[in-house]
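Peer 1: Please see the structure below; I have some questions.
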Amino acid sequence: MKPQYLSLKAAMPAFSRLAKQLAAAAGVALLIPSVGLAAEDVDSFPRQPIKLVVPFSAGGGIDMMARIAAEKMSEALGQNVVVQNQGGGGGVVASRSVVQAAPDGYTLIFHSVSSAVVNATVRKDLGYDPVKDFVPVSLVSQFPLVMIVNPDVPAKTVPEFIELLKKNPDTYSYGSSGIGSGIHLAGELFRKLAGVDIQHIPYKGTSSALTDVLAGRVAMLIDGVPPQVANIKSGQVRALAVTTTTRSEVLPDVPTMIESGLEGYDIPFWVAIYAPAGTPKPIVDKLSKAVNFAMHDPKSIERLKAVGAVGVGSTPEELDVFWKKQLQMYSDIVESSNIELSN
């Protein structure tokens, strides 16, 4: 029996890839059981560096958070966790490559809410199943978005802005990083809950939208707190509200949307780590513990706090519940707003 067990063990990587391809062709999820995974395999994992794929370019906020997590995960696991940036398609290119990787714990993806959830609600050309082809590992961190307006807009609060929009239909606009982007959906939720008429202007990126807000060509933008803190504190833009149920520590004087009268408005920006479907549960659990170690490290906490983010950490099960609720919320926004993204 022992030689036969070792032979099967040696064949597992190739078997996993083949089985995954067959399952994808049949349109069903692959679930490779971890039964029979030798205890020494889990104990010795990882025996080589782990690749953490970031589906966006280097230098941005998501990349920064990935590197904060990777540094302390490396310490917890005793192996380097190497960040690899792979942009394109709003996260689709990287997601496809990770789906095709061996489900052995050595290739992970650093999903954002945009690449993990928003893509699943607005795109039909993904080439993978965003729910069935990934296994949740751990929520990493989250931070609020913030509604900002050009200082010349005659409104200093959300209620005043809503009143302004209602008195001047078809007059004001808001920018986003593109049709179907998370920022677009955040704007549509505001439009729906506030019952206002405000025109959506899509751009190819947030920076272009911000340029027009600063110039006064667009009235409003909803963006992440970290990249907007400096603009808010310098007075280049005015912050009206943050999008989470609690205020941001770096913007303590800015109320939440709910405090501003928009009951039910709760849109955090979050990032989380996932593995390819079929990754053995004991390895997923070990990776999850490493993420939690990273997010509770005092150095990580301070580095995230400096940019307005909060380290979270979670079990795989907690992330699974959380992101499926997020998926439902964004699906509801897309449906009520009749948003369609062409293939």
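For the structure tokens, the naming scheme is as follows: chains receive sequential letters (A, B, ...) according to their order of presentation, residues are indexed from 1 within each chain, and ligands are indexed from 1 in presentation order.
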Using only C-alpha atoms, which protein or nucleic acid residues come within 12 Å of Lys299 of chain A? Drop anything in the same chain fewer than 5 positions from it, and give the result as an mmCIF file with N, CA and C atoms, in the first residue's frame.

Peer 2:
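Contents of selection38.cif, as written:
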data_model
loop_
_atom_site.group_PDB
_atom_site.id
_atom_site.type_symbol
_atom_site.label_atom_id
_atom_site.label_comp_id
_atom_site.auth_asym_id
_atom_site.auth_seq_id
_atom_site.Cartn_x
_atom_site.Cartn_y
_atom_site.Cartn_z
ATOM 1 N N ILE A 68 2.481 44.847 2.039
ATOM 2 C CA ILE A 68 2.439 44.845 3.508
ATOM 3 C C ILE A 68 2.069 43.454 4.011
ATOM 4 N N ALA A 69 1.060 42.847 3.384
ATOM 5 C CA ALA A 69 0.630 41.505 3.783
ATOM 6 C C ALA A 69 1.715 40.478 3.487
ATOM 7 N N GLU A 71 4.933 40.726 3.256
ATOM 8 C CA GLU A 71 6.124 40.810 4.109
ATOM 9 C C GLU A 71 5.950 40.000 5.389
ATOM 10 N N LYS A 72 4.818 40.170 6.057
ATOM 11 C CA LYS A 72 4.608 39.470 7.322
ATOM 12 C C LYS A 72 4.145 38.027 7.114
ATOM 13 N N PHE A 293 -1.843 36.633 11.035
ATOM 14 C CA PHE A 293 -0.616 37.056 11.705
ATOM 15 C C PHE A 293 -0.143 38.394 11.133
ATOM 16 N N ALA A 294 -0.167 38.500 9.813
ATOM 17 C CA ALA A 294 0.292 39.718 9.146
ATOM 18 C C ALA A 294 -0.567 40.920 9.499
ATOM 19 N N LEU A 304 -0.825 50.460 7.555
ATOM 20 C CA LEU A 304 -2.150 50.547 6.955
ATOM 21 C C LEU A 304 -2.911 51.770 7.480
ATOM 22 N N LYS A 305 -2.792 52.016 8.762
ATOM 23 C CA LYS A 305 -3.486 53.150 9.374
ATOM 24 C C LYS A 305 -3.033 54.468 8.765
ATOM 25 N N ALA A 306 -1.751 54.556 8.395
ATOM 26 C CA ALA A 306 -1.208 55.789 7.838
ATOM 27 C C ALA A 306 -1.894 56.198 6.541
ATOM 28 N N GLY A 311 -6.396 46.784 8.910
ATOM 29 C CA GLY A 311 -6.127 45.361 8.740
ATOM 30 C C GLY A 311 -7.241 44.548 9.372
#

Peer 1: List as number ranges by chain the protein and nucleic acid residues near segment 215-218 of chain A, meaning an atom at most 6 Å away when only C-alpha atoms are counted, but skip any in the same chain fewer than 5 places from it.

Peer 2: A: 150, 173-174

Peer 1: As a ChimeraX atom specification, please: every residue in segment 94-260 of chain A that DSSP puts in strand (DSSP E or B).

Peer 2: /A:107-112,134-149,173-176,199-202,220-224,238-242,248,251,256

Peer 1: Mind dumping a table of every segment 71-150 of chain A residue within 12 Å of segment 255-265 of chain A, with the nearest atom pair and its distance in Å to one decimal, using only C-alpha atoms, sorted by chain and rising number, as a Markdown table?

Peer 2:
| residue | atom | partner | partner_atom | distance |
| --- | --- | --- | --- | --- |
| A:Pro144 | CA | A:Thr256 | CA | 9.3 |
| A:Leu145 | CA | A:Thr256 | CA | 9.9 |
| A:Val146 | CA | A:Thr256 | CA | 8.8 |
| A:Met147 | CA | A:Met257 | CA | 9.0 |

Peer 1: Pull the closest atom pair for each residue of segment 217-322 of chain A that gets at most 6 Å from segment 104-109 of chain A, along with the distance in Å to one decimal, counting only C-alpha atoms, ordering rows by chain and then ascending residue number, as a Markdown table.

Peer 2:
| residue | atom | partner | partner_atom | distance |
| --- | --- | --- | --- | --- |
| A:Ile273 | CA | A:Ile109 | CA | 5.7 |
| A:Tyr274 | CA | A:Ile109 | CA | 5.4 |
| A:Ala275 | CA | A:Leu108 | CA | 4.8 |
| A:Thr279 | CA | A:Asp104 | CA | 5.4 |

Peer 1: Please determine, counting only C-alpha atoms, which residue among A:Pro151, A:Gly180, A:Pro280, A:Pro103 has the shortest atom-to-atom distance to Val213 of chain A.

Peer 2: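 Looking only at the distances to Val213 of chain A, the closest residue turns out to be A:Pro151.
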
Peer 1: Tell me, in Å to one decimal, how far atom CA of Ala241 of chain A is from atom CA of Gly205 of chain A.

Peer 2: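 Computing it gives 21.7 Å between the two atoms.
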
Peer 1: How many Å lie between atom CA of Val135 of chain A and atom CA of Val99 of chain A, rounded to one decimal?

Peer 2: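 So the answer is 10.2 Å.
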
Peer 1: Where in segment 185-335 of chain A does DSSP assign alpha helix (DSSP H), given as an MDAnalysis selection string?

Peer 2: chainID A and resid 185:194 206:215 225:234 281:295 298:305 316:335

Peer 1: I'd like the neighbourhood of Val271 of chain A as a PyMOL selection string, where a residue qualifies if any of its atoms comes within 7 Å (using only C-alpha atoms), though same-chain residues fewer than 4 positions away should be ignored.

Peer 2: chain A and resi 110-113+139-142

Peer 1: Using only C-alpha atoms, which residues sit within 7 Å of Ser248 of chain A once same-chain residues fewer than 2 positions away are excluded, as an MDAnalysis selection string?

Peer 2: chainID A and resid 144 246 250:252 308

Peer 1: Restricting the calculation to only C-alpha atoms, which member of A:Glu75, A:Gly61, A:Glu249, A:Phe161 is positioned closest to Leu287 of chain A?

Peer 2: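 Among A:Glu75, A:Gly61, A:Glu249, A:Phe161, it is A:Glu75 that comes nearest to Leu287 of chain A.
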
Peer 1: For Ala219 of chain A, list every protein, DNA or RNA residue within 12 Å, evaluated using only C-alpha atoms, and leave out those in the same chain fewer than 2 positions away; present the list as an mmCIF file with N, CA, C and O atoms, in the first residue's frame.

Peer 2:
data_model
loop_
_atom_site.group_PDB
_atom_site.id
_atom_site.type_symbol
_atom_site.label_atom_id
_atom_site.label_comp_id
_atom_site.auth_asym_id
_atom_site.auth_seq_id
_atom_site.Cartn_x
_atom_site.Cartn_y
_atom_site.Cartn_z
ATOM 1 N N MET A 147 -16.934 60.464 -0.647
ATOM 2 C CA MET A 147 -17.548 61.319 -1.654
ATOM 3 C C MET A 147 -16.894 62.691 -1.580
ATOM 4 O O MET A 147 -16.908 63.334 -0.532
ATOM 5 N N ILE A 148 -16.293 63.136 -2.697
ATOM 6 C CA ILE A 148 -15.646 64.439 -2.749
ATOM 7 C C ILE A 148 -16.294 65.283 -3.846
ATOM 8 O O ILE A 148 -16.789 64.756 -4.836
ATOM 9 N N VAL A 149 -16.286 66.588 -3.657
ATOM 10 C CA VAL A 149 -16.805 67.515 -4.657
ATOM 11 C C VAL A 149 -15.801 68.646 -4.851
ATOM 12 O O VAL A 149 -14.944 68.905 -3.988
ATOM 13 N N ASN A 150 -15.911 69.300 -5.985
ATOM 14 C CA ASN A 150 -15.115 70.496 -6.216
ATOM 15 C C ASN A 150 -15.522 71.557 -5.181
ATOM 16 O O ASN A 150 -16.703 71.705 -4.870
ATOM 17 N N PRO A 151 -14.558 72.300 -4.635
ATOM 18 C CA PRO A 151 -14.885 73.284 -3.598
ATOM 19 C C PRO A 151 -15.895 74.351 -4.038
ATOM 20 O O PRO A 151 -16.534 74.978 -3.184
ATOM 21 N N ASP A 152 -16.026 74.547 -5.357
ATOM 22 C CA ASP A 152 -16.980 75.554 -5.831
ATOM 23 C C ASP A 152 -18.432 75.061 -5.829
ATOM 24 O O ASP A 152 -19.359 75.849 -6.044
ATOM 25 N N VAL A 153 -18.621 73.765 -5.614
ATOM 26 C CA VAL A 153 -19.985 73.237 -5.526
ATOM 27 C C VAL A 153 -20.627 73.800 -4.264
ATOM 28 O O VAL A 153 -20.085 73.653 -3.162
ATOM 29 N N PRO A 154 -21.792 74.449 -4.387
ATOM 30 C CA PRO A 154 -22.424 75.098 -3.217
ATOM 31 C C PRO A 154 -23.144 74.114 -2.305
ATOM 32 O O PRO A 154 -24.340 74.230 -2.055
ATOM 33 N N ALA A 155 -22.393 73.140 -1.798
ATOM 34 C CA ALA A 155 -22.953 72.173 -0.849
ATOM 35 C C ALA A 155 -21.819 71.683 0.043
ATOM 36 O O ALA A 155 -20.767 71.272 -0.454
ATOM 37 N N PHE A 161 -26.108 68.659 -0.782
ATOM 38 C CA PHE A 161 -25.809 68.225 -2.143
ATOM 39 C C PHE A 161 -27.044 67.610 -2.797
ATOM 40 O O PHE A 161 -27.345 67.868 -3.966
ATOM 41 N N LEU A 164 -29.389 70.346 -3.715
ATOM 42 C CA LEU A 164 -28.867 71.038 -4.899
ATOM 43 C C LEU A 164 -29.191 70.266 -6.174
ATOM 44 O O LEU A 164 -29.615 70.850 -7.181
ATOM 45 N N LEU A 165 -28.997 68.952 -6.141
ATOM 46 C CA LEU A 165 -29.256 68.119 -7.314
ATOM 47 C C LEU A 165 -30.744 68.093 -7.660
ATOM 48 O O LEU A 165 -31.120 68.118 -8.844
ATOM 49 N N THR A 171 -27.997 68.997 -14.334
ATOM 50 C CA THR A 171 -27.003 70.073 -14.269
ATOM 51 C C THR A 171 -25.638 69.566 -13.809
ATOM 52 O O THR A 171 -24.605 69.990 -14.325
ATOM 53 N N TYR A 172 -25.642 68.657 -12.838
ATOM 54 C CA TYR A 172 -24.394 68.191 -12.235
ATOM 55 C C TYR A 172 -24.073 66.755 -12.664
ATOM 56 O O TYR A 172 -24.948 65.993 -13.064
ATOM 57 N N SER A 173 -22.791 66.419 -12.554
ATOM 58 C CA SER A 173 -22.336 65.088 -12.977
ATOM 59 C C SER A 173 -21.341 64.527 -11.965
ATOM 60 O O SER A 173 -20.778 65.246 -11.144
ATOM 61 N N TYR A 174 -21.152 63.222 -12.042
ATOM 62 C CA TYR A 174 -20.111 62.572 -11.227
ATOM 63 C C TYR A 174 -19.247 61.710 -12.117
ATOM 64 O O TYR A 174 -19.701 61.166 -13.128
ATOM 65 N N GLY A 175 -17.988 61.595 -11.769
ATOM 66 C CA GLY A 175 -17.051 60.808 -12.561
ATOM 67 C C GLY A 175 -16.809 59.440 -11.958
ATOM 68 O O GLY A 175 -17.087 59.194 -10.785
ATOM 69 N N SER A 176 -16.310 58.533 -12.795
ATOM 70 C CA SER A 176 -15.933 57.200 -12.320
ATOM 71 C C SER A 176 -14.765 56.690 -13.145
ATOM 72 O O SER A 176 -14.387 57.298 -14.154
ATOM 73 N N ILE A 198 -28.373 62.812 -11.489
ATOM 74 C CA ILE A 198 -26.992 63.251 -11.652
ATOM 75 C C ILE A 198 -26.366 62.417 -12.762
ATOM 76 O O ILE A 198 -26.506 61.192 -12.791
ATOM 77 N N GLN A 199 -25.703 63.071 -13.686
ATOM 78 C CA GLN A 199 -25.173 62.395 -14.864
ATOM 79 C C GLN A 199 -23.872 61.672 -14.551
ATOM 80 O O GLN A 199 -23.003 62.204 -13.860
ATOM 81 N N HIS A 200 -23.731 60.464 -15.082
ATOM 82 C CA HIS A 200 -22.500 59.688 -14.910
ATOM 83 C C HIS A 200 -21.558 59.947 -16.077
ATOM 84 O O HIS A 200 -21.933 59.814 -17.241
ATOM 85 N N ILE A 201 -20.304 60.304 -15.764
ATOM 86 C CA ILE A 201 -19.264 60.506 -16.780
ATOM 87 C C ILE A 201 -18.172 59.462 -16.560
ATOM 88 O O ILE A 201 -17.404 59.567 -15.600
ATOM 89 N N ALA A 209 -10.679 61.145 -13.956
ATOM 90 C CA ALA A 209 -11.908 61.676 -13.352
ATOM 91 C C ALA A 209 -11.571 62.737 -12.311
ATOM 92 O O ALA A 209 -12.219 63.792 -12.236
ATOM 93 N N LEU A 210 -10.545 62.481 -11.509
ATOM 94 C CA LEU A 210 -10.140 63.440 -10.480
ATOM 95 C C LEU A 210 -9.667 64.745 -11.104
ATOM 96 O O LEU A 210 -9.966 65.832 -10.588
ATOM 97 N N THR A 211 -8.953 64.650 -12.220
ATOM 98 C CA THR A 211 -8.480 65.852 -12.905
ATOM 99 C C THR A 211 -9.640 66.775 -13.252
ATOM 100 O O THR A 211 -9.570 68.000 -13.064
ATOM 101 N N ASP A 212 -10.732 66.201 -13.734
ATOM 102 C CA ASP A 212 -11.890 67.022 -14.106
ATOM 103 C C ASP A 212 -12.663 67.528 -12.900
ATOM 104 O O ASP A 212 -13.301 68.578 -12.956
ATOM 105 N N VAL A 213 -12.621 66.787 -11.780
ATOM 106 C CA VAL A 213 -13.235 67.296 -10.549
ATOM 107 C C VAL A 213 -12.440 68.503 -10.049
ATOM 108 O O VAL A 213 -13.016 69.534 -9.678
ATOM 109 N N LEU A 214 -11.122 68.392 -10.065
ATOM 110 C CA LEU A 214 -10.279 69.492 -9.616
ATOM 111 C C LEU A 214 -10.458 70.735 -10.491
ATOM 112 O O LEU A 214 -10.383 71.869 -10.012
ATOM 113 N N ALA A 215 -10.709 70.490 -11.778
ATOM 114 C CA ALA A 215 -10.876 71.601 -12.718
ATOM 115 C C ALA A 215 -12.286 72.168 -12.706
ATOM 116 O O ALA A 215 -12.553 73.199 -13.341
ATOM 117 N N GLY A 216 -13.202 71.491 -12.014
ATOM 118 C CA GLY A 216 -14.572 71.970 -11.941
ATOM 119 C C GLY A 216 -15.451 71.555 -13.101
ATOM 120 O O GLY A 216 -16.590 72.016 -13.226
ATOM 121 N N ARG A 217 -14.948 70.665 -13.954
ATOM 122 C CA ARG A 217 -15.758 70.192 -15.082
ATOM 123 C C ARG A 217 -16.733 69.102 -14.660
ATOM 124 O O ARG A 217 -17.739 68.855 -15.320
ATOM 125 N N LEU A 221 -17.022 62.946 -7.209
ATOM 126 C CA LEU A 221 -16.331 61.668 -7.423
ATOM 127 C C LEU A 221 -16.349 60.901 -6.114
ATOM 128 O O LEU A 221 -16.186 61.478 -5.034
ATOM 129 N N ILE A 222 -16.580 59.599 -6.191
ATOM 130 C CA ILE A 222 -16.434 58.723 -5.029
ATOM 131 C C ILE A 222 -15.183 57.895 -5.247
ATOM 132 O O ILE A 222 -15.057 57.196 -6.257
ATOM 133 N N VAL A 237 -10.243 69.528 -2.746
ATOM 134 C CA VAL A 237 -11.594 68.988 -2.869
ATOM 135 C C VAL A 237 -12.256 69.045 -1.497
ATOM 136 O O VAL A 237 -11.584 69.172 -0.472
ATOM 137 N N ARG A 238 -13.571 68.947 -1.476
ATOM 138 C CA ARG A 238 -14.311 68.942 -0.218
ATOM 139 C C ARG A 238 -14.908 67.560 0.006
ATOM 140 O O ARG A 238 -15.561 67.005 -0.891
ATOM 141 N N ALA A 239 -14.674 66.982 1.170
ATOM 142 C CA ALA A 239 -15.232 65.670 1.502
ATOM 143 C C ALA A 239 -16.605 65.839 2.127
ATOM 144 O O ALA A 239 -16.768 66.609 3.079
#

Peer 1: Write out as a PDB file with all heavy atoms, in the first residue's frame each polymer residue whose atoms come within 7 Å of Asp133 of chain A, counting only C-alpha atoms; drop sequence neighbours fewer than 4 positions from it.

Peer 2:
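See out_38.pdb below for the written result:
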ATOM      1  N   ALA A  29     -17.667  23.109 -10.966  1.00  0.00           N
ATOM      2  CA  ALA A  29     -16.510  23.419 -10.122  1.00  0.00           C
ATOM      3  C   ALA A  29     -15.779  22.147  -9.753  1.00  0.00           C
ATOM      4  O   ALA A  29     -16.378  21.084  -9.599  1.00  0.00           O
ATOM      5  CB  ALA A  29     -16.970  24.139  -8.854  1.00  0.00           C
ATOM      6  N   VAL A  99      -6.524  30.897 -11.959  1.00  0.00           N
ATOM      7  CA  VAL A  99      -7.460  29.775 -12.098  1.00  0.00           C
ATOM      8  C   VAL A  99      -6.768  28.574 -12.740  1.00  0.00           C
ATOM      9  O   VAL A  99      -7.041  27.420 -12.390  1.00  0.00           O
ATOM     10  CB  VAL A  99      -8.691  30.208 -12.944  1.00  0.00           C
ATOM     11  CG1 VAL A  99      -9.467  28.997 -13.438  1.00  0.00           C
ATOM     12  CG2 VAL A  99      -9.606  31.094 -12.110  1.00  0.00           C
ATOM     13  N   TYR A 128     -14.035  32.365 -16.638  1.00  0.00           N
ATOM     14  CA  TYR A 128     -13.928  31.558 -15.428  1.00  0.00           C
ATOM     15  C   TYR A 128     -15.143  31.864 -14.564  1.00  0.00           C
ATOM     16  O   TYR A 128     -15.839  32.867 -14.777  1.00  0.00           O
ATOM     17  CB  TYR A 128     -12.633  31.851 -14.658  1.00  0.00           C
ATOM     18  CG  TYR A 128     -12.494  33.295 -14.228  1.00  0.00           C
ATOM     19  CD1 TYR A 128     -12.992  33.740 -13.012  1.00  0.00           C
ATOM     20  CD2 TYR A 128     -11.855  34.218 -15.053  1.00  0.00           C
ATOM     21  CE1 TYR A 128     -12.879  35.067 -12.627  1.00  0.00           C
ATOM     22  CE2 TYR A 128     -11.735  35.549 -14.684  1.00  0.00           C
ATOM     23  CZ  TYR A 128     -12.247  35.972 -13.477  1.00  0.00           C
ATOM     24  OH  TYR A 128     -12.136  37.286 -13.099  1.00  0.00           O
ATOM     25  N   ASP A 129     -15.412  31.002 -13.597  1.00  0.00           N
ATOM     26  CA  ASP A 129     -16.505  31.216 -12.666  1.00  0.00           C
ATOM     27  C   ASP A 129     -15.935  31.876 -11.415  1.00  0.00           C
ATOM     28  O   ASP A 129     -15.154  31.251 -10.680  1.00  0.00           O
ATOM     29  CB  ASP A 129     -17.169  29.887 -12.300  1.00  0.00           C
ATOM     30  CG  ASP A 129     -18.443  30.075 -11.479  1.00  0.00           C
ATOM     31  OD1 ASP A 129     -18.411  30.883 -10.522  1.00  0.00           O
ATOM     32  OD2 ASP A 129     -19.449  29.418 -11.783  1.00  0.00           O
ATOM     33  N   PRO A 276      -6.635  28.978  -5.974  1.00  0.00           N
ATOM     34  CA  PRO A 276      -7.396  28.242  -6.993  1.00  0.00           C
ATOM     35  C   PRO A 276      -8.278  27.171  -6.350  1.00  0.00           C
ATOM     36  O   PRO A 276      -7.907  26.574  -5.327  1.00  0.00           O
ATOM     37  CB  PRO A 276      -6.310  27.595  -7.858  1.00  0.00           C
ATOM     38  CG  PRO A 276      -5.091  28.418  -7.623  1.00  0.00           C
ATOM     39  CD  PRO A 276      -5.177  28.871  -6.201  1.00  0.00           C
ATOM     40  N   ALA A 277      -9.439  26.942  -6.915  1.00  0.00           N
ATOM     41  CA  ALA A 277     -10.330  25.892  -6.412  1.00  0.00           C
ATOM     42  C   ALA A 277      -9.597  24.562  -6.397  1.00  0.00           C
ATOM     43  O   ALA A 277      -8.839  24.240  -7.309  1.00  0.00           O
ATOM     44  CB  ALA A 277     -11.568  25.790  -7.292  1.00  0.00           C
TER      45      ALA A 277
END

Peer 1: What gap, in Å, lies between atom CA of Thr206 of chain A and atom CA of Pro227 of chain A?

Peer 2: 10.1 Å

Peer 1: Using only C-alpha atoms, determine which residues lie at most 12 Å from Arg96 of chain A, disregarding the query and same-chain residues fewer than 6 positions distant; provide the list as a ChimeraX atom specification.

Peer 2: /A:53,55,86-90,108-109,115-116,125-130,133-134,276

Peer 1: For N, CA, C and O atoms, I'd like the residues from the last selection saved as a compact mmCIF listing (two decimals), in the first residue's frame.

Peer 2:
# COMPACT_ATOMS: atom_id res chain seq x y z
N VAL A 53 -0.30 36.99 -6.71
CA VAL A 53 -0.58 37.75 -7.93
C VAL A 53 -1.50 38.92 -7.60
O VAL A 53 -2.58 38.74 -7.05
N PRO A 55 -3.67 41.78 -9.35
CA PRO A 55 -4.22 42.01 -10.69
C PRO A 55 -4.22 43.47 -11.14
O PRO A 55 -5.03 43.86 -11.98
N GLN A 86 0.21 41.76 -12.30
CA GLN A 86 -0.25 41.29 -13.60
C GLN A 86 -1.56 42.02 -13.94
O GLN A 86 -2.64 41.52 -13.72
N GLY A 87 -1.42 43.22 -14.46
CA GLY A 87 -2.58 44.03 -14.79
C GLY A 87 -3.25 43.60 -16.08
O GLY A 87 -2.76 42.73 -16.80
N GLY A 88 -4.39 44.23 -16.35
CA GLY A 88 -5.10 43.96 -17.59
C GLY A 88 -6.52 43.52 -17.36
O GLY A 88 -6.78 42.64 -16.53
N GLY A 89 -7.45 44.15 -18.09
CA GLY A 89 -8.84 43.73 -18.03
C GLY A 89 -9.50 43.94 -16.69
O GLY A 89 -10.44 43.22 -16.35
N GLY A 90 -9.02 44.91 -15.91
CA GLY A 90 -9.63 45.15 -14.60
C GLY A 90 -9.51 43.98 -13.66
O GLY A 90 -10.35 43.79 -12.77
N LEU A 108 -1.41 32.37 -5.40
CA LEU A 108 -2.57 33.01 -4.79
C LEU A 108 -2.89 34.28 -5.55
O LEU A 108 -2.06 34.80 -6.29
N ILE A 109 -4.09 34.81 -5.35
CA ILE A 109 -4.44 36.08 -5.96
C ILE A 109 -4.90 37.05 -4.88
O ILE A 109 -5.60 36.68 -3.93
N SER A 115 -12.09 43.32 -8.58
CA SER A 115 -11.74 42.14 -9.36
C SER A 115 -12.47 40.89 -8.88
O SER A 115 -12.74 39.98 -9.67
N ALA A 116 -12.84 40.85 -7.60
CA ALA A 116 -13.50 39.66 -7.06
C ALA A 116 -15.01 39.67 -7.23
O ALA A 116 -15.62 38.64 -7.50
N ASP A 125 -17.81 37.94 -19.96
CA ASP A 125 -16.71 37.40 -20.74
C ASP A 125 -15.50 37.02 -19.89
O ASP A 125 -14.37 37.08 -20.34
N LEU A 126 -15.73 36.65 -18.65
CA LEU A 126 -14.63 36.40 -17.73
C LEU A 126 -13.78 35.20 -18.14
O LEU A 126 -12.57 35.20 -17.97
N GLY A 127 -14.42 34.15 -18.62
CA GLY A 127 -13.67 32.94 -18.96
C GLY A 127 -13.42 32.06 -17.75
O GLY A 127 -12.65 31.10 -17.82
N TYR A 128 -14.04 32.36 -16.64
CA TYR A 128 -13.93 31.56 -15.43
C TYR A 128 -15.14 31.86 -14.56
O TYR A 128 -15.84 32.87 -14.78
N ASP A 129 -15.41 31.00 -13.60
CA ASP A 129 -16.50 31.22 -12.67
C ASP A 129 -15.93 31.88 -11.41
O ASP A 129 -15.15 31.25 -10.68
N PRO A 130 -16.27 33.15 -11.15
CA PRO A 130 -15.66 33.86 -10.03
C PRO A 130 -15.99 33.28 -8.66
O PRO A 130 -15.28 33.55 -7.68
N ASP A 133 -14.42 28.93 -9.05
CA ASP A 133 -13.03 28.68 -9.43
C ASP A 133 -12.01 29.21 -8.44
O ASP A 133 -10.81 29.10 -8.67
N PHE A 134 -12.48 29.81 -7.34
CA PHE A 134 -11.58 30.30 -6.31
C PHE A 134 -12.02 29.82 -4.93
O PHE A 134 -13.21 29.62 -4.69
N PRO A 276 -6.63 28.98 -5.97
CA PRO A 276 -7.40 28.24 -6.99
C PRO A 276 -8.28 27.17 -6.35
O PRO A 276 -7.91 26.57 -5.33
